[in-house]
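K.L.:
query08.cif (mmCIF, C-alpha atoms) pasted underneath:
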```cif
data_data
#
loop_
_atom_site.label_atom_id
_atom_site.label_comp_id
_atom_site.auth_asym_id
_atom_site.auth_seq_id
_atom_site.Cartn_x
_atom_site.Cartn_y
_atom_site.Cartn_z
CA MET A 1 -24.47 6.28 -29.94
CA ASP A 2 -22.08 3.44 -29.07
CA GLN A 3 -18.66 4.94 -28.30
CA SER A 4 -16.94 1.58 -27.71
CA VAL A 5 -13.72 0.87 -29.58
CA PRO A 6 -13.49 -2.40 -31.54
CA VAL A 7 -11.16 -4.92 -29.94
CA LYS A 8 -8.95 -7.21 -31.97
CA GLU A 9 -9.43 -10.93 -31.43
CA SER A 10 -6.02 -11.37 -29.73
CA GLU A 11 -6.74 -8.44 -27.40
CA SER A 12 -10.16 -9.85 -26.63
CA LEU A 13 -8.60 -13.13 -25.59
CA LEU A 14 -6.22 -11.24 -23.29
CA VAL A 15 -9.14 -9.47 -21.62
CA ASP A 16 -10.94 -12.78 -21.15
CA LEU A 17 -7.92 -14.30 -19.46
CA ILE A 18 -6.91 -11.45 -17.14
CA PRO A 19 -9.62 -10.37 -14.67
CA THR A 20 -7.94 -7.03 -13.93
CA GLU A 21 -8.21 -6.06 -17.62
CA GLN A 22 -11.93 -6.66 -17.76
CA ASN A 23 -14.54 -3.91 -17.57
CA ASN A 24 -16.15 -3.37 -14.17
CA PRO A 25 -19.93 -2.97 -14.58
CA ARG A 26 -20.18 -1.26 -11.16
CA THR A 27 -18.04 1.70 -12.24
CA GLN A 28 -19.07 2.21 -15.87
CA ASP A 29 -20.71 5.53 -15.02
CA ILE A 30 -18.00 6.71 -12.63
CA ASP A 31 -17.01 9.63 -14.87
CA LEU A 32 -20.55 11.02 -14.61
CA LEU A 33 -20.69 11.09 -10.81
CA PRO A 34 -20.09 14.09 -8.54
CA THR A 35 -16.89 13.85 -6.52
CA GLU A 36 -18.36 12.47 -3.28
CA SER A 37 -20.40 9.81 -5.07
CA MET A 38 -17.37 8.87 -7.19
CA LEU A 39 -15.24 8.41 -4.07
CA GLU A 40 -17.97 6.34 -2.42
CA ARG A 41 -18.00 4.06 -5.44
CA LEU A 42 -14.24 3.63 -5.26
CA ASN A 43 -14.46 2.90 -1.55
CA GLN A 44 -17.13 0.27 -2.15
CA GLU A 45 -14.75 -1.50 -4.51
CA ASP A 46 -11.93 -1.29 -1.97
CA GLN A 47 -14.08 -2.85 0.73
CA SER A 48 -14.25 -6.07 -1.25
CA VAL A 49 -10.49 -6.54 -1.15
CA ALA A 50 -10.16 -7.57 2.51
CA ILE A 51 -12.79 -10.26 1.98
CA VAL A 52 -10.98 -11.88 -0.93
CA VAL A 53 -7.67 -11.69 0.93
CA GLN A 54 -9.33 -13.49 3.83
CA ALA A 55 -10.33 -16.25 1.43
CA ALA A 56 -6.67 -16.57 0.39
CA ILE A 57 -5.35 -17.18 3.93
CA PRO A 58 -5.05 -20.97 3.36
CA MET A 59 -2.66 -20.14 0.50
CA ILE A 60 -0.78 -17.49 2.49
CA THR A 61 -0.19 -19.75 5.51
CA PRO A 62 2.30 -22.19 3.93
CA VAL A 63 4.29 -19.29 2.48
CA VAL A 64 4.69 -17.73 5.93
CA ASP A 65 5.73 -21.12 7.33
CA ALA A 66 8.25 -21.55 4.50
CA ILE A 67 9.74 -18.11 5.22
CA VAL A 68 10.08 -18.91 8.93
CA ASN A 69 11.68 -22.27 8.22
CA SER A 70 14.08 -20.72 5.72
CA ILE A 71 15.22 -17.93 8.05
CA GLN A 72 15.67 -20.39 10.93
CA GLN A 73 17.97 -22.39 8.65
CA GLY A 74 19.99 -19.32 7.64
CA GLY A 75 17.99 -18.51 4.50
CA ARG A 76 16.52 -15.26 3.27
CA LEU A 77 13.37 -13.85 1.66
CA PHE A 78 13.40 -12.24 -1.78
CA TYR A 79 10.75 -10.40 -3.79
CA PHE A 80 10.87 -10.04 -7.57
CA GLY A 81 8.19 -7.82 -9.07
CA ALA A 82 7.27 -5.41 -11.82
CA GLY A 83 5.46 -2.07 -11.78
CA THR A 84 3.20 -1.42 -8.80
CA SER A 85 3.75 -4.97 -7.56
CA GLY A 86 7.51 -4.50 -7.59
CA ARG A 87 7.30 -1.16 -5.79
CA LEU A 88 5.20 -2.73 -3.05
CA GLY A 89 7.79 -5.45 -2.64
CA VAL A 90 10.55 -2.87 -2.23
CA LEU A 91 8.44 -1.03 0.34
CA ASP A 92 7.84 -4.17 2.39
CA ALA A 93 11.48 -5.23 2.33
CA SER A 94 12.77 -1.76 3.27
CA GLU A 95 10.56 -1.57 6.36
CA CYS A 96 11.72 -4.85 7.91
CA PRO A 97 15.08 -3.67 9.34
CA PRO A 98 13.77 -0.69 11.35
CA THR A 99 10.61 -2.49 12.43
CA TYR A 100 12.05 -5.86 13.42
CA GLY A 101 15.77 -5.23 13.82
CA VAL A 102 16.78 -7.63 11.06
CA LYS A 103 19.80 -7.18 8.80
CA PRO A 104 19.09 -5.41 5.49
CA ASP A 105 19.97 -8.52 3.48
CA LEU A 106 17.42 -10.76 5.22
CA VAL A 107 14.49 -9.45 3.16
CA GLN A 108 15.45 -8.13 -0.26
CA ALA A 109 13.43 -6.84 -3.19
CA PHE A 110 14.19 -6.55 -6.89
CA ILE A 111 12.04 -4.60 -9.34
CA ALA A 112 12.08 -4.82 -13.13
CA GLY A 113 14.07 -1.82 -14.32
CA GLY A 114 16.04 -1.38 -11.10
CA GLU A 115 15.96 1.63 -8.78
CA LYS A 116 14.90 3.99 -11.56
CA ALA A 117 11.65 2.00 -11.84
CA LEU A 118 10.71 3.02 -8.29
CA ARG A 119 9.92 6.51 -9.56
CA PHE A 120 9.56 6.18 -13.31
CA ALA A 121 8.17 3.63 -15.74
CA VAL A 122 11.08 1.80 -17.39
CA GLU A 123 10.03 0.91 -20.91
CA GLY A 124 9.89 -2.83 -21.56
CA ALA A 125 11.57 -3.89 -18.31
CA GLU A 126 8.78 -6.17 -17.14
CA ASP A 127 8.68 -7.82 -20.57
CA SER A 128 12.33 -8.90 -20.36
CA ALA A 129 12.93 -12.45 -19.19
CA GLU A 130 16.65 -11.79 -19.53
CA LEU A 131 16.49 -9.02 -16.91
CA GLY A 132 14.73 -11.40 -14.54
CA GLN A 133 17.46 -13.99 -14.98
CA GLU A 134 20.15 -11.34 -14.54
CA ASP A 135 18.64 -10.06 -11.31
CA ILE A 136 18.46 -13.60 -9.96
CA GLU A 137 22.20 -13.88 -10.52
CA LYS A 138 22.76 -10.51 -8.80
CA ALA A 139 20.79 -11.74 -5.80
CA ALA A 140 23.27 -14.59 -5.24
CA LEU A 141 20.53 -16.96 -4.14
CA LYS A 142 21.25 -20.16 -2.29
CA ALA A 143 19.20 -23.31 -1.91
CA GLY A 144 16.51 -22.90 0.72
CA ASP A 145 15.92 -19.18 0.19
CA VAL A 146 12.28 -18.19 -0.36
CA VAL A 147 11.63 -16.21 -3.53
CA VAL A 148 8.25 -14.54 -4.10
CA GLY A 149 7.14 -13.29 -7.50
CA LEU A 150 4.86 -10.24 -7.57
CA SER A 151 2.68 -9.62 -10.61
CA ALA A 152 -1.01 -8.72 -10.56
CA SER A 153 -1.61 -10.17 -14.02
CA GLY A 154 0.80 -13.03 -13.44
CA GLY A 155 2.13 -12.56 -16.94
CA ALA A 156 5.25 -10.41 -16.54
CA PRO A 157 8.11 -12.29 -18.26
CA TYR A 158 10.61 -10.65 -15.89
CA VAL A 159 8.90 -12.22 -12.87
CA ILE A 160 8.20 -15.59 -14.47
CA ALA A 161 11.81 -15.99 -15.62
CA ALA A 162 13.05 -15.00 -12.16
CA MET A 163 10.89 -17.69 -10.53
CA GLU A 164 12.02 -20.36 -12.97
CA SER A 165 15.67 -19.44 -12.37
CA ALA A 166 15.15 -19.43 -8.59
CA GLN A 167 13.69 -22.93 -8.72
CA GLN A 168 16.72 -24.16 -10.61
CA LYS A 169 18.85 -22.92 -7.72
CA GLY A 170 16.85 -24.95 -5.19
CA CYS A 171 14.82 -22.09 -3.77
CA VAL A 172 11.24 -22.30 -2.53
CA THR A 173 9.17 -20.18 -4.90
CA ALA A 174 5.85 -18.46 -4.25
CA CYS A 175 3.87 -15.68 -5.87
CA ILE A 176 1.12 -13.14 -5.30
CA THR A 177 -1.12 -12.67 -8.32
CA CYS A 178 -4.70 -11.69 -9.05
CA ASN A 179 -5.06 -13.99 -12.04
CA PRO A 180 -5.92 -17.63 -11.26
CA LYS A 181 -5.02 -18.72 -14.80
CA SER A 182 -1.66 -16.99 -14.89
CA GLN A 183 1.58 -18.59 -15.96
CA LEU A 184 3.21 -17.25 -12.82
CA ALA A 185 0.84 -19.19 -10.55
CA ALA A 186 1.59 -22.31 -12.56
CA VAL A 187 5.38 -22.17 -12.26
CA VAL A 188 5.84 -21.59 -8.50
CA ASN A 189 5.71 -24.02 -5.59
CA LEU A 190 3.31 -21.98 -3.46
CA PRO A 191 0.96 -19.70 -5.42
CA ILE A 192 -1.14 -17.10 -3.65
CA VAL A 193 -4.02 -16.14 -5.91
CA VAL A 194 -6.33 -13.37 -4.76
CA GLU A 195 -9.21 -12.75 -7.14
CA VAL A 196 -10.11 -9.09 -6.74
CA GLY A 197 -12.03 -9.00 -10.03
CA PRO A 198 -12.11 -6.09 -12.48
CA GLU A 199 -10.52 -2.86 -11.32
CA PRO A 200 -12.61 0.32 -10.86
CA ILE A 201 -10.56 1.74 -13.73
CA ALA A 202 -10.00 -1.15 -16.14
CA GLY A 203 -6.42 -2.40 -15.99
CA SER A 204 -5.29 -0.04 -13.21
CA THR A 205 -3.74 -2.66 -10.96
CA ARG A 206 -2.40 -0.05 -8.55
CA MET A 207 -5.95 -0.02 -7.19
CA LYS A 208 -7.62 -3.19 -5.82
CA SER A 209 -4.82 -5.48 -6.97
CA GLY A 210 -2.21 -3.27 -5.33
CA THR A 211 -4.22 -3.08 -2.12
CA ALA A 212 -4.57 -6.86 -2.01
CA GLN A 213 -0.86 -7.38 -2.60
CA LYS A 214 0.05 -4.87 0.12
CA LEU A 215 -2.20 -6.66 2.60
CA ILE A 216 -0.64 -10.01 1.77
CA LEU A 217 2.92 -8.67 1.92
CA ASN A 218 2.08 -7.31 5.38
CA MET A 219 0.93 -10.80 6.35
CA LEU A 220 4.04 -12.53 5.00
CA THR A 221 6.65 -10.49 6.84
CA THR A 222 4.60 -9.66 9.93
CA GLY A 223 3.52 -13.29 10.32
CA ALA A 224 7.08 -14.53 9.87
CA MET A 225 8.56 -12.01 12.29
CA ILE A 226 5.99 -12.85 14.95
CA GLN A 227 6.82 -16.55 14.62
CA LEU A 228 10.53 -15.75 14.84
CA GLY A 229 10.09 -13.91 18.15
CA LYS A 230 10.52 -10.39 16.81
CA THR A 231 7.46 -9.31 18.78
CA TYR A 232 6.19 -9.85 22.32
CA ARG A 233 2.41 -9.76 22.59
CA ASN A 234 1.77 -7.09 19.97
CA PHE A 235 4.80 -4.98 20.85
CA MET A 236 7.66 -4.25 18.45
CA VAL A 237 10.42 -5.43 20.80
CA ASP A 238 13.17 -5.53 18.17
CA VAL A 239 12.51 -1.98 16.95
CA GLN A 240 15.60 -0.05 15.86
CA THR A 241 15.82 3.47 17.31
CA THR A 242 16.72 5.21 14.06
CA ASN A 243 14.71 8.39 14.66
CA LYS A 244 13.11 10.35 17.51
CA LYS A 245 9.74 8.66 17.11
CA LEU A 246 11.30 5.22 17.42
CA VAL A 247 13.42 6.29 20.40
CA LEU A 248 10.26 7.34 22.21
CA ARG A 249 8.53 4.12 21.16
CA ALA A 250 11.39 2.04 22.57
CA LYS A 251 11.20 3.87 25.89
CA ARG A 252 7.43 3.36 26.09
CA ILE A 253 7.79 -0.35 25.37
CA VAL A 254 10.48 -0.87 28.01
CA SER A 255 8.53 1.19 30.51
CA GLN A 256 5.28 -0.65 29.94
CA LEU A 257 6.59 -4.21 29.70
CA GLY A 258 9.33 -3.77 32.29
CA GLY A 259 7.15 -1.95 34.80
CA VAL A 260 9.55 0.98 35.18
CA SER A 261 9.36 4.73 34.63
CA GLN A 262 10.26 6.40 31.34
CA GLU A 263 13.42 7.74 32.96
CA GLN A 264 14.44 4.29 34.16
CA ALA A 265 13.63 2.86 30.75
CA GLU A 266 15.92 5.42 29.12
CA LYS A 267 18.80 4.46 31.43
CA LEU A 268 18.27 0.76 30.72
CA LEU A 269 18.30 1.40 26.98
CA GLU A 270 21.59 3.26 27.39
CA GLN A 271 23.03 0.19 29.10
CA THR A 272 21.85 -2.12 26.31
CA GLN A 273 22.88 0.19 23.46
CA SER A 274 19.23 0.85 22.60
CA GLN A 275 18.28 -2.84 22.40
CA VAL A 276 14.74 -3.18 23.70
CA LYS A 277 14.61 -6.88 24.57
CA PRO A 278 17.55 -7.00 27.00
CA ALA A 279 16.39 -3.71 28.51
CA ILE A 280 13.03 -5.32 29.31
CA VAL A 281 14.75 -8.36 30.79
CA LEU A 282 16.90 -6.12 33.01
CA ALA A 283 13.84 -4.17 34.13
CA CYS A 284 11.85 -7.29 35.00
CA TYR A 285 14.70 -8.82 37.00
CA GLN A 286 15.16 -5.52 38.83
CA GLN A 287 11.47 -5.49 39.69
CA MET A 288 11.86 -8.95 41.20
CA GLY A 289 14.80 -7.76 43.32
CA ARG A 290 17.22 -9.97 41.36
CA PRO A 291 19.26 -7.61 39.19
CA ILE A 292 21.38 -9.12 36.42
CA THR A 293 23.94 -7.77 33.96
CA VAL A 294 23.43 -6.88 30.30
CA GLU A 295 25.58 -9.86 29.36
CA GLN A 296 23.38 -12.19 31.40
CA ALA A 297 20.23 -10.73 29.84
CA ASN A 298 21.61 -11.26 26.33
CA GLU A 299 22.63 -14.83 27.19
CA LEU A 300 19.13 -15.62 28.43
CA LEU A 301 17.69 -14.28 25.18
CA LYS A 302 20.20 -16.27 23.15
CA GLN A 303 19.26 -19.47 24.96
CA ALA A 304 15.59 -18.72 24.25
CA GLY A 305 16.19 -18.27 20.55
CA GLY A 306 15.55 -14.55 20.85
CA LYS A 307 12.00 -15.04 22.14
CA LEU A 308 11.33 -12.58 24.96
CA ARG A 309 8.24 -14.42 26.15
CA SER A 310 10.27 -17.57 26.89
CA VAL A 311 12.65 -15.54 29.08
CA LEU A 312 9.99 -13.63 30.96
CA GLU A 313 7.95 -16.75 31.70
CA LYS A 314 10.90 -18.16 33.65
CA ILE A 315 11.45 -15.12 35.89
#
```
Would you put the structure from the file into structure tokens?
P.N.:
Amino acid sequence: MDQSVPVKESESLLVDLIPTEQNNPRTQDIDLLPTESMLERLNQEDQSVAIVVQAAIPMITPVVDAIVNSIQQGGRLFYFGAGTSGRLGVLDASECPPTYGVKPDLVQAFIAGGEKALRFAVEGAEDSAELGQEDIEKAALKAGDVVVGLSASGGAPYVIAAMESAQQKGCVTACITCNPKSQLAAVVNLPIVVEVGPEPIAGSTRMKSGTAQKLILNMLTTGAMIQLGKTYRNFMVDVQTTNKKLVLRAKRIVSQLGGVSQEQAEKLLEQTQSQVKPAIVLACYQQMGRPITVEQANELLKQAGGKLRSVLEKI
């Protein structure tokens, strides 16, 4: 017996337009599977995400370059999203200060429905263009800022209105969406479209769509911070020592890159007020028998635009 529910014509058109709302033929029997087989099926779907994100790298590249250029010119990065997409934006923005030592206002995130929406669904928030426009005003954008819209379906009025308002203020706009035919992709300067296909559970964009967006958000901020000199090799040399784990990480980094003991690294970090880069510079000059002061180390870094590699290559 066919248990399918009739779909109205308007709803059918919506399903045709939005890939994430379509039915996934590979998981139609997922509710019949034993737990291990069910999880294997979900994992198989997840494995496809990295491949489609790889295909989107040519679209991700100019967004990273735009972010770098904006920050170098005194601009900032903003995310505006709804639902899962918005929560992922908030997560990415909140992790930039401790990871890369940037000020909290350099990368900011707004979610439809405000802070309450981080934990609870806020009825109708993503459908409100007015809220998107209001949050743009709260953000106090300036020309040259980069503003990224986050919406898996690409149809959230909150996000679309925010992007349109940001463009009017002279910002560079981009988006991350999983719908190539979305209005969101059409209204921004630099669309990133990652076609993950139907979700394992139809319409549940916290699954493959969310994973894809998280991977791309990682690329945007990590790529930008690398280009801005916030790393050396693959070390987090602008880490902020805000907890015991990060204190230990800072000591390990100074010890390894500066060629000194953990105890020496700790003393150098005390001298630099827990700043890893100047501590490494001090350590390297000491190792060469040419000790310098903290002020001199900071001046060398300033002259190098904050890039540790440029300083160390001249020692």
K.L.:
Mind checking which residues fall within 10 Å of stretch 154-165 of chain A, counting only C-alpha atoms, ignoring those fewer than 4 positions away in the same chain, and posting them as a PyMOL selection string?
P.N.:
chain A and resi 18+79-83+86+110-113+124-137+141+147-150+169-189+193
K.L.:
Taking all atoms listed in the file into account, which of A:Val64, A:Leu300, A:Val239, A:Leu33 comes nearest A:Ile216?
P.N.:
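Among the listed residues, A:Val64 lies closest to A:Ile216.
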K.L.:
Using the chain letters and numbers from the file, which residues does the PyMOL selection byres ((chain A and resi 293-298) around 10) grab, as a PyMOL selection string?
P.N.:
chain A and resi 268+271-273+275+277-282+285+291-292+299-304+306+311
K.L.:
Deliver the residues from the most recent selection as a file, using C-alpha atoms, as a PDB file, in the coordinates of the input.
P.N.:
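Result file follows (selection_22.pdb):
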```pdb
ATOM      1  CA  LEU A 268      18.270   0.760  30.720  1.00  0.00           C
ATOM      2  CA  GLN A 271      23.030   0.190  29.100  1.00  0.00           C
ATOM      3  CA  THR A 272      21.850  -2.120  26.310  1.00  0.00           C
ATOM      4  CA  GLN A 273      22.880   0.190  23.460  1.00  0.00           C
ATOM      5  CA  GLN A 275      18.280  -2.840  22.400  1.00  0.00           C
ATOM      6  CA  LYS A 277      14.610  -6.880  24.570  1.00  0.00           C
ATOM      7  CA  PRO A 278      17.550  -7.000  27.000  1.00  0.00           C
ATOM      8  CA  ALA A 279      16.390  -3.710  28.510  1.00  0.00           C
ATOM      9  CA  ILE A 280      13.030  -5.320  29.310  1.00  0.00           C
ATOM     10  CA  VAL A 281      14.750  -8.360  30.790  1.00  0.00           C
ATOM     11  CA  LEU A 282      16.900  -6.120  33.010  1.00  0.00           C
ATOM     12  CA  TYR A 285      14.700  -8.820  37.000  1.00  0.00           C
ATOM     13  CA  PRO A 291      19.260  -7.610  39.190  1.00  0.00           C
ATOM     14  CA  ILE A 292      21.380  -9.120  36.420  1.00  0.00           C
ATOM     15  CA  GLU A 299      22.630 -14.830  27.190  1.00  0.00           C
ATOM     16  CA  LEU A 300      19.130 -15.620  28.430  1.00  0.00           C
ATOM     17  CA  LEU A 301      17.690 -14.280  25.180  1.00  0.00           C
ATOM     18  CA  LYS A 302      20.200 -16.270  23.150  1.00  0.00           C
ATOM     19  CA  GLN A 303      19.260 -19.470  24.960  1.00  0.00           C
ATOM     20  CA  ALA A 304      15.590 -18.720  24.250  1.00  0.00           C
ATOM     21  CA  GLY A 306      15.550 -14.550  20.850  1.00  0.00           C
ATOM     22  CA  VAL A 311      12.650 -15.540  29.080  1.00  0.00           C
TER      23      VAL A 311
END
```
K.L.:
Determine the residue set returned by the PyMOL selection byres ((chain A and resi 41) around 12) for the present structure, and present it as a compact mmCIF listing (two decimals) with C-alpha atoms, in the frame of the given file.
P.N.:
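Output contents, as saved in result-v8.txt:
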```
# COMPACT_ATOMS: atom_id res chain seq x y z
CA ASN A 24 -16.15 -3.37 -14.17
CA PRO A 25 -19.93 -2.97 -14.58
CA ARG A 26 -20.18 -1.26 -11.16
CA THR A 27 -18.04 1.70 -12.24
CA GLN A 28 -19.07 2.21 -15.87
CA ASP A 29 -20.71 5.53 -15.02
CA ILE A 30 -18.00 6.71 -12.63
CA ASP A 31 -17.01 9.63 -14.87
CA LEU A 32 -20.55 11.02 -14.61
CA LEU A 33 -20.69 11.09 -10.81
CA PRO A 34 -20.09 14.09 -8.54
CA THR A 35 -16.89 13.85 -6.52
CA GLU A 36 -18.36 12.47 -3.28
CA SER A 37 -20.40 9.81 -5.07
CA MET A 38 -17.37 8.87 -7.19
CA LEU A 39 -15.24 8.41 -4.07
CA GLU A 40 -17.97 6.34 -2.42
CA LEU A 42 -14.24 3.63 -5.26
CA ASN A 43 -14.46 2.90 -1.55
CA GLN A 44 -17.13 0.27 -2.15
CA GLU A 45 -14.75 -1.50 -4.51
CA ASP A 46 -11.93 -1.29 -1.97
CA GLN A 47 -14.08 -2.85 0.73
CA SER A 48 -14.25 -6.07 -1.25
CA GLU A 199 -10.52 -2.86 -11.32
CA PRO A 200 -12.61 0.32 -10.86
CA ILE A 201 -10.56 1.74 -13.73
```
K.L.:
Identify the residues within 9 Å of coordinate (2.9, -3.5, -9.1) (same frame as the file), considering only C-alpha atoms, and give the answer as a list in words.
P.N.:
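Counting only C-alpha atoms, I find these residues within 9 Å of (2.9, -3.5, -9.1): Gly81, Ala82, Gly83, Thr84, Ser85, Gly86, Arg87, Leu88, Gly89, Leu150, Ser151, Ala152, Thr205, Arg206, Ser209, Gly210 and Gln213 of chain A.
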K.L.:
I'd like the residues picked by the PyMOL selection byres ((chain A and resi 249) around 12) written out as number ranges by chain, using the chain letters and numbers from the file.
P.N.:
A: 99, 235-248, 250-256, 262, 265-266, 269, 274, 276
K.L.:
Quick one: axis-aligned box around all listed atoms of stretch 142-161 of chain A, 6 Å on every side, centre and edge lengths in Å to one decimal, written as JSON.
P.N.:
```
{"center_x": 9.8, "center_y": -16.0, "center_z": -8.8, "size_x": 34.9, "size_y": 26.6, "size_z": 31.0}
```
K.L.:
Using all atoms listed in the file, which of A:Leu220, A:Leu190, A:Leu228, A:Ile71 sits nearest A:Met59?
P.N.:
A:Leu190
K.L.:
With distances taken over all atoms listed in the file, which of A:Gly229, A:Pro198, A:Pro19, A:Gly289 is nearest to A:Gly305?
P.N.:
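Going through A:Gly229, A:Pro198, A:Pro19, A:Gly289 one by one, the smallest distance to A:Gly305 is for A:Gly229.
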K.L.:
List the neighbours of A:Val107 out to 9 Å using only C-alpha atoms; skip same-chain residues closer than 3 positions along the sequence, and give me the result as a list in words.
P.N.:
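Here the answer would be Arg76, Leu77, Phe78, Tyr79, Asp92, Ala93, Ser94, Cys96, Pro97, Val102, Lys103, Pro104 and Thr221 of chain A.
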K.L.:
My list of candidates is A:Val194, A:Met288, A:Leu215, A:Met225. Which is closest to A:Ala55 when distances are computed with all atoms listed in the file?
P.N.:
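Nearest candidate to A:Ala55 out of A:Val194, A:Met288, A:Leu215, A:Met225: A:Val194.
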